[in-house]
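upload.txt (compact mmCIF, N, CA and C atoms) appears below.
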```
# COMPACT_ATOMS: atom_id res chain seq x y z
N MET A 25 117.18 138.67 189.87
CA MET A 25 117.43 139.64 188.81
C MET A 25 116.70 139.25 187.55
N SER A 26 116.24 140.26 186.85
CA SER A 26 115.55 139.97 185.60
C SER A 26 116.54 139.93 184.45
N ASN A 27 116.20 139.16 183.47
CA ASN A 27 117.02 138.98 182.29
C ASN A 27 116.77 140.16 181.34
N PRO A 28 117.81 140.96 181.01
CA PRO A 28 117.60 142.12 180.12
C PRO A 28 117.10 141.71 178.74
N ARG A 29 117.57 140.58 178.25
CA ARG A 29 117.13 140.11 176.92
C ARG A 29 115.63 139.79 176.94
N ARG A 30 115.19 139.15 178.00
CA ARG A 30 113.76 138.80 178.12
C ARG A 30 112.92 140.07 178.19
N ARG A 31 113.37 141.04 178.98
CA ARG A 31 112.65 142.30 179.11
C ARG A 31 112.56 142.99 177.74
N GLU A 32 113.66 142.95 176.99
CA GLU A 32 113.68 143.55 175.66
C GLU A 32 112.66 142.87 174.74
N LEU A 33 112.59 141.54 174.80
CA LEU A 33 111.62 140.80 173.99
C LEU A 33 110.19 141.12 174.40
N VAL A 34 109.94 141.24 175.70
CA VAL A 34 108.60 141.60 176.17
C VAL A 34 108.24 142.99 175.67
N ASP A 35 109.18 143.94 175.77
CA ASP A 35 108.92 145.30 175.28
C ASP A 35 108.64 145.30 173.78
N LEU A 36 109.39 144.49 173.01
CA LEU A 36 109.14 144.39 171.58
C LEU A 36 107.76 143.80 171.31
N GLY A 37 107.37 142.81 172.10
CA GLY A 37 106.04 142.21 171.95
C GLY A 37 104.94 143.22 172.21
N ARG A 38 105.12 144.04 173.23
CA ARG A 38 104.13 145.08 173.52
C ARG A 38 104.06 146.10 172.40
N ALA A 39 105.22 146.50 171.91
CA ALA A 39 105.25 147.47 170.81
C ALA A 39 104.55 146.91 169.59
N GLU A 40 104.78 145.64 169.30
CA GLU A 40 104.12 144.99 168.16
C GLU A 40 102.61 144.94 168.38
N LEU A 41 102.19 144.62 169.58
CA LEU A 41 100.76 144.57 169.90
C LEU A 41 100.12 145.95 169.73
N TYR A 42 100.76 146.98 170.23
CA TYR A 42 100.24 148.34 170.08
C TYR A 42 100.19 148.74 168.61
N SER A 43 101.20 148.34 167.86
CA SER A 43 101.23 148.64 166.43
C SER A 43 100.06 147.97 165.72
N ARG A 44 99.80 146.73 166.05
CA ARG A 44 98.65 146.01 165.45
C ARG A 44 97.34 146.66 165.85
N ALA A 45 97.22 147.05 167.11
CA ALA A 45 95.99 147.70 167.57
C ALA A 45 95.78 149.01 166.82
N ARG A 46 96.85 149.78 166.61
CA ARG A 46 96.73 151.03 165.84
C ARG A 46 96.28 150.75 164.42
N SER A 47 96.80 149.68 163.82
CA SER A 47 96.39 149.33 162.46
C SER A 47 94.89 149.07 162.38
N PHE A 48 94.36 148.33 163.36
CA PHE A 48 92.92 148.09 163.39
C PHE A 48 92.16 149.40 163.59
N LYS A 49 92.68 150.26 164.46
CA LYS A 49 92.04 151.55 164.72
C LYS A 49 91.95 152.35 163.42
N TYR A 50 93.04 152.41 162.67
CA TYR A 50 93.04 153.15 161.40
C TYR A 50 92.06 152.54 160.41
N ALA A 51 92.01 151.22 160.36
CA ALA A 51 91.08 150.55 159.44
C ALA A 51 89.63 150.89 159.79
N PHE A 52 89.30 150.86 161.08
CA PHE A 52 87.93 151.19 161.48
C PHE A 52 87.62 152.67 161.26
N GLU A 53 88.64 153.53 161.40
CA GLU A 53 88.44 154.95 161.07
C GLU A 53 88.13 155.11 159.58
N GLY A 54 88.81 154.34 158.74
CA GLY A 54 88.53 154.38 157.31
C GLY A 54 87.13 153.91 157.00
N TRP A 55 86.70 152.83 157.65
CA TRP A 55 85.34 152.32 157.45
C TRP A 55 84.32 153.37 157.88
N ALA A 56 84.56 154.00 159.04
CA ALA A 56 83.65 155.04 159.53
C ALA A 56 83.60 156.22 158.56
N TYR A 57 84.75 156.59 157.99
CA TYR A 57 84.78 157.68 157.01
C TYR A 57 83.91 157.34 155.81
N VAL A 58 84.03 156.12 155.31
CA VAL A 58 83.23 155.70 154.16
C VAL A 58 81.75 155.78 154.51
N ILE A 59 81.37 155.26 155.66
CA ILE A 59 79.96 155.29 156.07
C ILE A 59 79.47 156.73 156.22
N ARG A 60 80.30 157.60 156.79
CA ARG A 60 79.90 159.00 157.00
C ARG A 60 79.77 159.79 155.72
N THR A 61 80.62 159.49 154.74
CA THR A 61 80.73 160.39 153.58
C THR A 61 80.16 159.85 152.28
N GLN A 62 79.93 158.56 152.20
CA GLN A 62 79.51 157.98 150.92
C GLN A 62 78.06 157.51 151.01
N HIS A 63 77.19 158.15 150.26
CA HIS A 63 75.76 157.81 150.28
C HIS A 63 75.55 156.33 149.94
N ASN A 64 76.24 155.84 148.93
CA ASN A 64 76.06 154.45 148.52
C ASN A 64 76.50 153.46 149.59
N ALA A 65 77.40 153.86 150.46
CA ALA A 65 77.82 152.96 151.54
C ALA A 65 76.65 152.66 152.47
N TRP A 66 75.78 153.62 152.66
CA TRP A 66 74.58 153.37 153.47
C TRP A 66 73.69 152.34 152.80
N ILE A 67 73.58 152.44 151.49
CA ILE A 67 72.79 151.45 150.75
C ILE A 67 73.43 150.07 150.92
N HIS A 68 74.75 149.99 150.76
CA HIS A 68 75.46 148.72 150.94
C HIS A 68 75.24 148.18 152.36
N ALA A 69 75.29 149.06 153.34
CA ALA A 69 75.11 148.63 154.73
C ALA A 69 73.71 148.06 154.96
N LEU A 70 72.70 148.77 154.48
CA LEU A 70 71.32 148.30 154.68
C LEU A 70 71.08 146.98 153.94
N VAL A 71 71.58 146.90 152.71
CA VAL A 71 71.42 145.66 151.95
C VAL A 71 72.17 144.52 152.64
N SER A 72 73.37 144.80 153.14
CA SER A 72 74.15 143.77 153.85
C SER A 72 73.38 143.24 155.06
N ILE A 73 72.81 144.15 155.83
CA ILE A 73 72.03 143.73 157.01
C ILE A 73 70.83 142.90 156.57
N GLY A 74 70.15 143.35 155.53
CA GLY A 74 69.00 142.60 155.03
C GLY A 74 69.37 141.21 154.54
N VAL A 75 70.48 141.12 153.82
CA VAL A 75 70.93 139.82 153.30
C VAL A 75 71.32 138.90 154.45
N LEU A 76 72.01 139.43 155.45
CA LEU A 76 72.38 138.60 156.61
C LEU A 76 71.14 138.11 157.35
N ALA A 77 70.16 138.99 157.51
CA ALA A 77 68.91 138.58 158.18
C ALA A 77 68.18 137.52 157.36
N LEU A 78 68.11 137.72 156.04
CA LEU A 78 67.44 136.75 155.18
C LEU A 78 68.15 135.40 155.22
N GLY A 79 69.48 135.44 155.17
CA GLY A 79 70.25 134.20 155.25
C GLY A 79 70.02 133.46 156.55
N ALA A 80 69.92 134.21 157.65
CA ALA A 80 69.63 133.57 158.95
C ALA A 80 68.23 132.96 158.94
N TRP A 81 67.26 133.69 158.38
CA TRP A 81 65.89 133.18 158.32
C TRP A 81 65.80 131.92 157.47
N LEU A 82 66.58 131.91 156.38
CA LEU A 82 66.58 130.74 155.49
C LEU A 82 67.43 129.59 156.04
N ARG A 83 68.18 129.87 157.08
CA ARG A 83 69.09 128.86 157.67
C ARG A 83 70.03 128.29 156.61
N LEU A 84 70.74 129.21 155.96
CA LEU A 84 71.66 128.79 154.90
C LEU A 84 72.74 127.87 155.45
N PRO A 85 73.16 126.90 154.66
CA PRO A 85 74.29 126.05 155.07
C PRO A 85 75.60 126.83 154.99
N PRO A 86 76.64 126.37 155.67
CA PRO A 86 77.91 127.10 155.72
C PRO A 86 78.49 127.46 154.35
N ARG A 87 78.41 126.57 153.38
CA ARG A 87 78.98 126.87 152.07
C ARG A 87 78.24 128.05 151.42
N ASP A 88 76.93 128.10 151.55
CA ASP A 88 76.17 129.23 151.01
C ASP A 88 76.53 130.52 151.73
N TRP A 89 76.71 130.44 153.05
CA TRP A 89 77.14 131.62 153.80
C TRP A 89 78.49 132.13 153.28
N ALA A 90 79.39 131.21 153.01
CA ALA A 90 80.72 131.61 152.52
C ALA A 90 80.59 132.37 151.21
N VAL A 91 79.76 131.88 150.30
CA VAL A 91 79.58 132.54 149.00
C VAL A 91 78.94 133.91 149.19
N ILE A 92 77.91 133.99 150.01
CA ILE A 92 77.23 135.27 150.25
C ILE A 92 78.18 136.28 150.88
N ILE A 93 78.93 135.84 151.88
CA ILE A 93 79.85 136.76 152.56
C ILE A 93 80.95 137.22 151.62
N LEU A 94 81.48 136.33 150.80
CA LEU A 94 82.50 136.74 149.82
C LEU A 94 81.94 137.78 148.85
N ALA A 95 80.71 137.59 148.40
CA ALA A 95 80.10 138.55 147.48
C ALA A 95 79.91 139.90 148.18
N MET A 96 79.44 139.89 149.42
CA MET A 96 79.25 141.14 150.15
C MET A 96 80.59 141.85 150.37
N MET A 97 81.60 141.09 150.73
CA MET A 97 82.91 141.69 150.98
C MET A 97 83.51 142.28 149.70
N ALA A 98 83.23 141.66 148.56
CA ALA A 98 83.71 142.21 147.29
C ALA A 98 83.13 143.60 147.06
N VAL A 99 81.85 143.76 147.36
CA VAL A 99 81.21 145.07 147.19
C VAL A 99 81.83 146.08 148.15
N TRP A 100 81.97 145.70 149.42
CA TRP A 100 82.55 146.62 150.39
C TRP A 100 83.99 147.00 150.02
N MET A 101 84.77 146.01 149.60
CA MET A 101 86.15 146.32 149.21
C MET A 101 86.19 147.26 148.02
N ALA A 102 85.32 147.05 147.05
CA ALA A 102 85.26 147.95 145.89
C ALA A 102 84.87 149.36 146.34
N GLU A 103 83.92 149.47 147.25
CA GLU A 103 83.50 150.78 147.75
C GLU A 103 84.64 151.47 148.49
N PHE A 104 85.38 150.72 149.30
CA PHE A 104 86.52 151.30 150.01
C PHE A 104 87.59 151.79 149.04
N MET A 105 87.90 150.96 148.05
CA MET A 105 88.91 151.34 147.06
C MET A 105 88.45 152.54 146.24
N ASN A 106 87.18 152.58 145.89
CA ASN A 106 86.62 153.71 145.15
C ASN A 106 86.77 155.00 145.96
N THR A 107 86.43 154.94 147.23
CA THR A 107 86.53 156.13 148.08
C THR A 107 87.98 156.58 148.22
N ALA A 108 88.89 155.63 148.40
CA ALA A 108 90.31 155.97 148.51
C ALA A 108 90.82 156.58 147.21
N LEU A 109 90.44 156.01 146.08
CA LEU A 109 90.89 156.53 144.80
C LEU A 109 90.33 157.94 144.56
N GLU A 110 89.08 158.16 144.92
CA GLU A 110 88.50 159.50 144.77
C GLU A 110 89.28 160.53 145.59
N ALA A 111 89.67 160.16 146.81
CA ALA A 111 90.43 161.07 147.66
C ALA A 111 91.80 161.37 147.04
N ILE A 112 92.46 160.35 146.52
CA ILE A 112 93.77 160.54 145.90
C ILE A 112 93.64 161.42 144.66
N VAL A 113 92.64 161.17 143.84
CA VAL A 113 92.44 161.97 142.62
C VAL A 113 92.15 163.42 143.00
N ASP A 114 91.31 163.63 144.00
CA ASP A 114 91.00 165.01 144.43
C ASP A 114 92.24 165.72 144.95
N LEU A 115 93.11 164.98 145.64
CA LEU A 115 94.35 165.57 146.13
C LEU A 115 95.29 165.90 144.98
N ALA A 116 95.43 165.00 144.03
CA ALA A 116 96.36 165.18 142.91
C ALA A 116 95.85 166.17 141.88
N SER A 117 94.54 166.25 141.73
CA SER A 117 93.96 167.09 140.69
C SER A 117 92.75 167.84 141.24
N PRO A 118 93.00 168.91 142.03
CA PRO A 118 91.88 169.65 142.61
C PRO A 118 90.97 170.28 141.54
N GLU A 119 91.55 170.62 140.42
CA GLU A 119 90.75 171.17 139.31
C GLU A 119 90.23 170.03 138.45
N PRO A 120 89.05 170.20 137.86
CA PRO A 120 88.53 169.14 136.98
C PRO A 120 89.52 168.82 135.85
N HIS A 121 89.66 167.54 135.58
CA HIS A 121 90.56 167.09 134.52
C HIS A 121 89.94 165.83 133.90
N PRO A 122 90.02 165.68 132.57
CA PRO A 122 89.41 164.51 131.94
C PRO A 122 89.93 163.18 132.48
N LEU A 123 91.22 163.09 132.78
CA LEU A 123 91.76 161.83 133.30
C LEU A 123 91.31 161.56 134.74
N ALA A 124 91.12 162.63 135.51
CA ALA A 124 90.58 162.46 136.86
C ALA A 124 89.17 161.89 136.78
N LYS A 125 88.40 162.38 135.82
CA LYS A 125 87.04 161.87 135.62
C LYS A 125 87.08 160.40 135.24
N VAL A 126 87.99 160.04 134.35
CA VAL A 126 88.11 158.63 133.94
C VAL A 126 88.41 157.75 135.15
N ALA A 127 89.37 158.17 135.97
CA ALA A 127 89.74 157.37 137.15
C ALA A 127 88.54 157.18 138.08
N LYS A 128 87.82 158.26 138.33
CA LYS A 128 86.66 158.17 139.23
C LYS A 128 85.55 157.33 138.61
N ASP A 129 85.31 157.50 137.33
CA ASP A 129 84.24 156.73 136.67
C ASP A 129 84.56 155.24 136.65
N VAL A 130 85.80 154.90 136.39
CA VAL A 130 86.18 153.48 136.35
C VAL A 130 86.09 152.87 137.75
N ALA A 131 86.51 153.61 138.77
CA ALA A 131 86.39 153.10 140.14
C ALA A 131 84.92 152.91 140.52
N ALA A 132 84.07 153.84 140.12
CA ALA A 132 82.64 153.70 140.39
C ALA A 132 82.07 152.50 139.64
N ALA A 133 82.55 152.27 138.43
CA ALA A 133 82.09 151.10 137.66
C ALA A 133 82.48 149.80 138.36
N ALA A 134 83.64 149.78 139.00
CA ALA A 134 84.05 148.58 139.74
C ALA A 134 83.06 148.28 140.87
N VAL A 135 82.60 149.32 141.54
CA VAL A 135 81.61 149.12 142.60
C VAL A 135 80.31 148.60 142.00
N LEU A 136 79.90 149.18 140.88
CA LEU A 136 78.66 148.75 140.23
C LEU A 136 78.74 147.29 139.80
N VAL A 137 79.85 146.91 139.19
CA VAL A 137 80.02 145.51 138.76
C VAL A 137 79.98 144.58 139.97
N GLY A 138 80.66 144.96 141.04
CA GLY A 138 80.63 144.15 142.26
C GLY A 138 79.22 144.03 142.83
N ALA A 139 78.49 145.14 142.84
CA ALA A 139 77.13 145.12 143.38
C ALA A 139 76.21 144.27 142.51
N LEU A 140 76.29 144.42 141.20
CA LEU A 140 75.45 143.62 140.31
C LEU A 140 75.80 142.13 140.42
N GLY A 141 77.09 141.84 140.49
CA GLY A 141 77.50 140.45 140.67
C GLY A 141 77.00 139.88 141.98
N SER A 142 77.01 140.68 143.02
CA SER A 142 76.51 140.22 144.32
C SER A 142 75.01 139.96 144.28
N VAL A 143 74.28 140.78 143.54
CA VAL A 143 72.84 140.54 143.39
C VAL A 143 72.61 139.20 142.71
N LEU A 144 73.38 138.93 141.65
CA LEU A 144 73.23 137.64 140.96
C LEU A 144 73.58 136.48 141.88
N VAL A 145 74.66 136.61 142.63
CA VAL A 145 75.04 135.57 143.58
C VAL A 145 73.93 135.37 144.60
N GLY A 146 73.39 136.48 145.11
CA GLY A 146 72.31 136.38 146.08
C GLY A 146 71.09 135.67 145.53
N LEU A 147 70.74 135.99 144.29
CA LEU A 147 69.59 135.33 143.67
C LEU A 147 69.85 133.84 143.47
N LEU A 148 71.04 133.50 143.02
CA LEU A 148 71.37 132.09 142.79
C LEU A 148 71.42 131.28 144.08
N VAL A 149 71.98 131.88 145.12
CA VAL A 149 72.15 131.16 146.38
C VAL A 149 70.88 131.18 147.22
N MET A 150 70.24 132.34 147.31
CA MET A 150 69.10 132.48 148.22
C MET A 150 67.75 132.30 147.53
N GLY A 151 67.73 132.45 146.21
CA GLY A 151 66.46 132.34 145.49
C GLY A 151 65.74 131.01 145.70
N PRO A 152 66.39 129.89 145.44
CA PRO A 152 65.70 128.60 145.60
C PRO A 152 65.18 128.34 147.02
N PRO A 153 66.01 128.55 148.07
CA PRO A 153 65.44 128.30 149.40
C PRO A 153 64.35 129.31 149.78
N LEU A 154 64.47 130.54 149.28
CA LEU A 154 63.42 131.53 149.55
C LEU A 154 62.12 131.12 148.87
N TRP A 155 62.21 130.68 147.63
CA TRP A 155 61.03 130.22 146.89
C TRP A 155 60.36 129.07 147.64
N THR A 156 61.18 128.14 148.10
CA THR A 156 60.64 126.99 148.83
C THR A 156 59.96 127.43 150.13
N ARG A 157 60.59 128.36 150.85
CA ARG A 157 60.00 128.84 152.11
C ARG A 157 58.68 129.55 151.88
N LEU A 158 58.62 130.35 150.79
CA LEU A 158 57.43 131.16 150.55
C LEU A 158 56.30 130.38 149.88
N PHE A 159 56.66 129.49 148.95
CA PHE A 159 55.62 128.86 148.13
C PHE A 159 55.60 127.35 148.23
N GLY A 160 56.47 126.82 149.06
CA GLY A 160 56.55 125.54 149.24
C GLY A 160 56.58 124.23 149.14
```
Rewrite the coordinates I just gave you, this time as structure tokens.
Amino acid sequence: MSNPRRRELVDLGRAELYSRARSFKYAFEGWAYVIRTQHNAWIHALVSIGVLALGAWLRLPPRDWAVIILAMMAVWMAEFMNTALEAIVDLASPEPHPLAKVAKDVAAAAVLVGALGSVLVGLLVMGPPLWTRLFG
């Protein structure tokens, strides 16, 4: 005979696993939405791929990779939050409103600050080894 308590725990474990899988599915749907609808996300994607390729070519050490990846993730997170905020503002205020504009402009500024900061991080981390590789 099977233990009913054990079966209940197994069923709870499966439910938890399915719940976690759904959470990942929703997150990837959000990422796909950003890529599909936000022009700047394509720019971020292409730059991210280029930076990863350059880092591999330069054979960056793990600590440099950590810094580069953190900078890239900051930009992506800002872009995701900006897109979410724009959707919320559009839902709450379908008609143009000065405060809606402020919210959208400030969220866009957060993406810009993250992107500019990432460029500086990239130059500081990758600039010296790139210079050495190219000019030697």
If we count only C-alpha atoms, what is near Ile59 in chain A at a cut-off of 12 Å, once residues fewer than 2 positions away on the same chain are taken out, given as a list of chain:residue names? A:Phe52, A:Glu53, A:Gly54, A:Trp55, A:Ala56, A:Tyr57, A:Thr61, A:Gln62, A:His63, A:Asn64, A:Ala65, A:Trp66, A:Ile67, A:His68, A:Ala69, A:Leu70, A:Trp100, A:Glu103, A:Phe104, A:Thr107
For atom C of Asp129 in chain A and atom C of Leu94 in chain A, quote the distance in Å rounded to one decimal.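 Distance between the two atoms: 21.5 Å.
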Could you put an axis-aligned box around every listed atom of range 106-117 of chain A, padded by 6 Å on each side, and send me its centre and edge lengths in Å to one decimal, as lines of an AutoDock Vina configuration file?
```
center_x = 91.4
center_y = 160.2
center_z = 144.6
size_x = 21.9
size_y = 27.3
size_z = 19.8
```
Atom-to-atom span, CA of Val143 in chain A and atom C of Lys128 in chain A, Å: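 Atom C of Lys128 in chain A lies 21.6 Å from CA of Val143 in chain A.
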Using only C-alpha atoms, what residues lie at most 6 Å away from (82.2, 141.3, 144.6) (file coordinates), given as a PyMOL selection string? chain A and resi 95+98-99+138+142
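With CA of Met150 in chain A on one side and CA of Leu82 in chain A on the other, the separation reads 7.9 Å.
Residue neighbourhood of range 111-116 of chain A, excluding near-sequence residues (fewer than 5 positions): Met105, Asn106, Leu123, Ala124, Lys125, Ala127 and Lys128 of chain A, at 8 Å, using only N, CA and C atoms.
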Store the residues of this selection in a file with N, CA and C atoms, as a JSON list (two decimals), keeping the file's coordinate frame.
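See result.json below for the written result:
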```json
[["chain", "number", "residue", "atom", "x", "y", "z"],
["A", 105, "MET", "N", 87.90, 150.96, 148.05],
["A", 105, "MET", "CA", 88.91, 151.34, 147.06],
["A", 105, "MET", "C", 88.45, 152.54, 146.24],
["A", 106, "ASN", "N", 87.18, 152.58, 145.89],
["A", 106, "ASN", "CA", 86.62, 153.71, 145.15],
["A", 106, "ASN", "C", 86.77, 155.00, 145.96],
["A", 123, "LEU", "N", 91.22, 163.09, 132.78],
["A", 123, "LEU", "CA", 91.76, 161.83, 133.30],
["A", 123, "LEU", "C", 91.31, 161.56, 134.74],
["A", 124, "ALA", "N", 91.12, 162.63, 135.51],
["A", 124, "ALA", "CA", 90.58, 162.46, 136.86],
["A", 124, "ALA", "C", 89.17, 161.89, 136.78],
["A", 125, "LYS", "N", 88.40, 162.38, 135.82],
["A", 125, "LYS", "CA", 87.04, 161.87, 135.62],
["A", 125, "LYS", "C", 87.08, 160.40, 135.24],
["A", 127, "ALA", "N", 89.37, 158.17, 135.97],
["A", 127, "ALA", "CA", 89.74, 157.37, 137.15],
["A", 127, "ALA", "C", 88.54, 157.18, 138.08],
["A", 128, "LYS", "N", 87.82, 158.26, 138.33],
["A", 128, "LYS", "CA", 86.66, 158.17, 139.23],
["A", 128, "LYS", "C", 85.55, 157.33, 138.61]]
```
Using all atoms listed in the file, which of A:Arg83, A:Asp88, A:Pro153, A:Met96 sits nearest Gly141 in chain A? A:Met96
Render range 117-139 of chain A from the structure in the preceding block as a file of N, CA and C atoms, as a PDB file, in the first residue's frame.
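File decode10.pdb, as written:
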```
ATOM      1  N   SER A 117      -3.574  55.696 -18.281  1.00  0.00           N
ATOM      2  CA  SER A 117      -3.809  57.009 -18.874  1.00  0.00           C
ATOM      3  C   SER A 117      -3.770  56.901 -20.396  1.00  0.00           C
ATOM      4  N   PRO A 118      -4.864  56.373 -20.996  1.00  0.00           N
ATOM      5  CA  PRO A 118      -4.871  56.217 -22.455  1.00  0.00           C
ATOM      6  C   PRO A 118      -4.740  57.558 -23.194  1.00  0.00           C
ATOM      7  N   GLU A 119      -5.244  58.608 -22.584  1.00  0.00           N
ATOM      8  CA  GLU A 119      -5.118  59.946 -23.174  1.00  0.00           C
ATOM      9  C   GLU A 119      -3.805  60.569 -22.723  1.00  0.00           C
ATOM     10  N   PRO A 120      -3.200  61.399 -23.575  1.00  0.00           N
ATOM     11  CA  PRO A 120      -1.955  62.067 -23.165  1.00  0.00           C
ATOM     12  C   PRO A 120      -2.153  62.869 -21.873  1.00  0.00           C
ATOM     13  N   HIS A 121      -1.178  62.782 -21.002  1.00  0.00           N
ATOM     14  CA  HIS A 121      -1.220  63.505 -19.732  1.00  0.00           C
ATOM     15  C   HIS A 121       0.212  63.887 -19.376  1.00  0.00           C
ATOM     16  N   PRO A 122       0.417  65.097 -18.834  1.00  0.00           N
ATOM     17  CA  PRO A 122       1.783  65.519 -18.504  1.00  0.00           C
ATOM     18  C   PRO A 122       2.506  64.569 -17.545  1.00  0.00           C
ATOM     19  N   LEU A 123       1.806  64.024 -16.566  1.00  0.00           N
ATOM     20  CA  LEU A 123       2.457  63.108 -15.622  1.00  0.00           C
ATOM     21  C   LEU A 123       2.789  61.765 -16.270  1.00  0.00           C
ATOM     22  N   ALA A 124       1.957  61.339 -17.213  1.00  0.00           N
ATOM     23  CA  ALA A 124       2.271  60.113 -17.952  1.00  0.00           C
ATOM     24  C   ALA A 124       3.558  60.309 -18.747  1.00  0.00           C
ATOM     25  N   LYS A 125       3.701  61.488 -19.335  1.00  0.00           N
ATOM     26  CA  LYS A 125       4.924  61.802 -20.081  1.00  0.00           C
ATOM     27  C   LYS A 125       6.137  61.793 -19.155  1.00  0.00           C
ATOM     28  N   VAL A 126       5.986  62.374 -17.972  1.00  0.00           N
ATOM     29  CA  VAL A 126       7.095  62.389 -17.010  1.00  0.00           C
ATOM     30  C   VAL A 126       7.511  60.957 -16.666  1.00  0.00           C
ATOM     31  N   ALA A 127       6.539  60.102 -16.371  1.00  0.00           N
ATOM     32  CA  ALA A 127       6.849  58.716 -16.005  1.00  0.00           C
ATOM     33  C   ALA A 127       7.603  58.012 -17.129  1.00  0.00           C
ATOM     34  N   LYS A 128       7.123  58.179 -18.349  1.00  0.00           N
ATOM     35  CA  LYS A 128       7.778  57.522 -19.487  1.00  0.00           C
ATOM     36  C   LYS A 128       9.167  58.101 -19.743  1.00  0.00           C
ATOM     37  N   ASP A 129       9.296  59.407 -19.644  1.00  0.00           N
ATOM     38  CA  ASP A 129      10.598  60.042 -19.883  1.00  0.00           C
ATOM     39  C   ASP A 129      11.626  59.621 -18.836  1.00  0.00           C
ATOM     40  N   VAL A 130      11.209  59.554 -17.589  1.00  0.00           N
ATOM     41  CA  VAL A 130      12.138  59.161 -16.522  1.00  0.00           C
ATOM     42  C   VAL A 130      12.548  57.696 -16.693  1.00  0.00           C
ATOM     43  N   ALA A 131      11.602  56.841 -17.056  1.00  0.00           N
ATOM     44  CA  ALA A 131      11.946  55.434 -17.284  1.00  0.00           C
ATOM     45  C   ALA A 131      12.910  55.293 -18.463  1.00  0.00           C
ATOM     46  N   ALA A 132      12.692  56.074 -19.512  1.00  0.00           N
ATOM     47  CA  ALA A 132      13.613  56.048 -20.654  1.00  0.00           C
ATOM     48  C   ALA A 132      14.991  56.567 -20.244  1.00  0.00           C
ATOM     49  N   ALA A 133      15.017  57.564 -19.378  1.00  0.00           N
ATOM     50  CA  ALA A 133      16.298  58.092 -18.892  1.00  0.00           C
ATOM     51  C   ALA A 133      17.059  57.027 -18.107  1.00  0.00           C
ATOM     52  N   ALA A 134      16.337  56.195 -17.364  1.00  0.00           N
ATOM     53  CA  ALA A 134      16.995  55.112 -16.621  1.00  0.00           C
ATOM     54  C   ALA A 134      17.701  54.152 -17.579  1.00  0.00           C
ATOM     55  N   VAL A 135      17.060  53.858 -18.698  1.00  0.00           N
ATOM     56  CA  VAL A 135      17.690  52.988 -19.697  1.00  0.00           C
ATOM     57  C   VAL A 135      18.923  53.672 -20.271  1.00  0.00           C
ATOM     58  N   LEU A 136      18.802  54.959 -20.573  1.00  0.00           N
ATOM     59  CA  LEU A 136      19.933  55.700 -21.133  1.00  0.00           C
ATOM     60  C   LEU A 136      21.114  55.724 -20.164  1.00  0.00           C
ATOM     61  N   VAL A 137      20.840  56.000 -18.897  1.00  0.00           N
ATOM     62  CA  VAL A 137      21.912  56.031 -17.893  1.00  0.00           C
ATOM     63  C   VAL A 137      22.575  54.655 -17.789  1.00  0.00           C
ATOM     64  N   GLY A 138      21.756  53.600 -17.773  1.00  0.00           N
ATOM     65  CA  GLY A 138      22.316  52.248 -17.732  1.00  0.00           C
ATOM     66  C   GLY A 138      23.167  51.940 -18.952  1.00  0.00           C
ATOM     67  N   ALA A 139      22.694  52.348 -20.122  1.00  0.00           N
ATOM     68  CA  ALA A 139      23.446  52.087 -21.355  1.00  0.00           C
ATOM     69  C   ALA A 139      24.757  52.868 -21.377  1.00  0.00           C
TER      70      ALA A 139
END
```
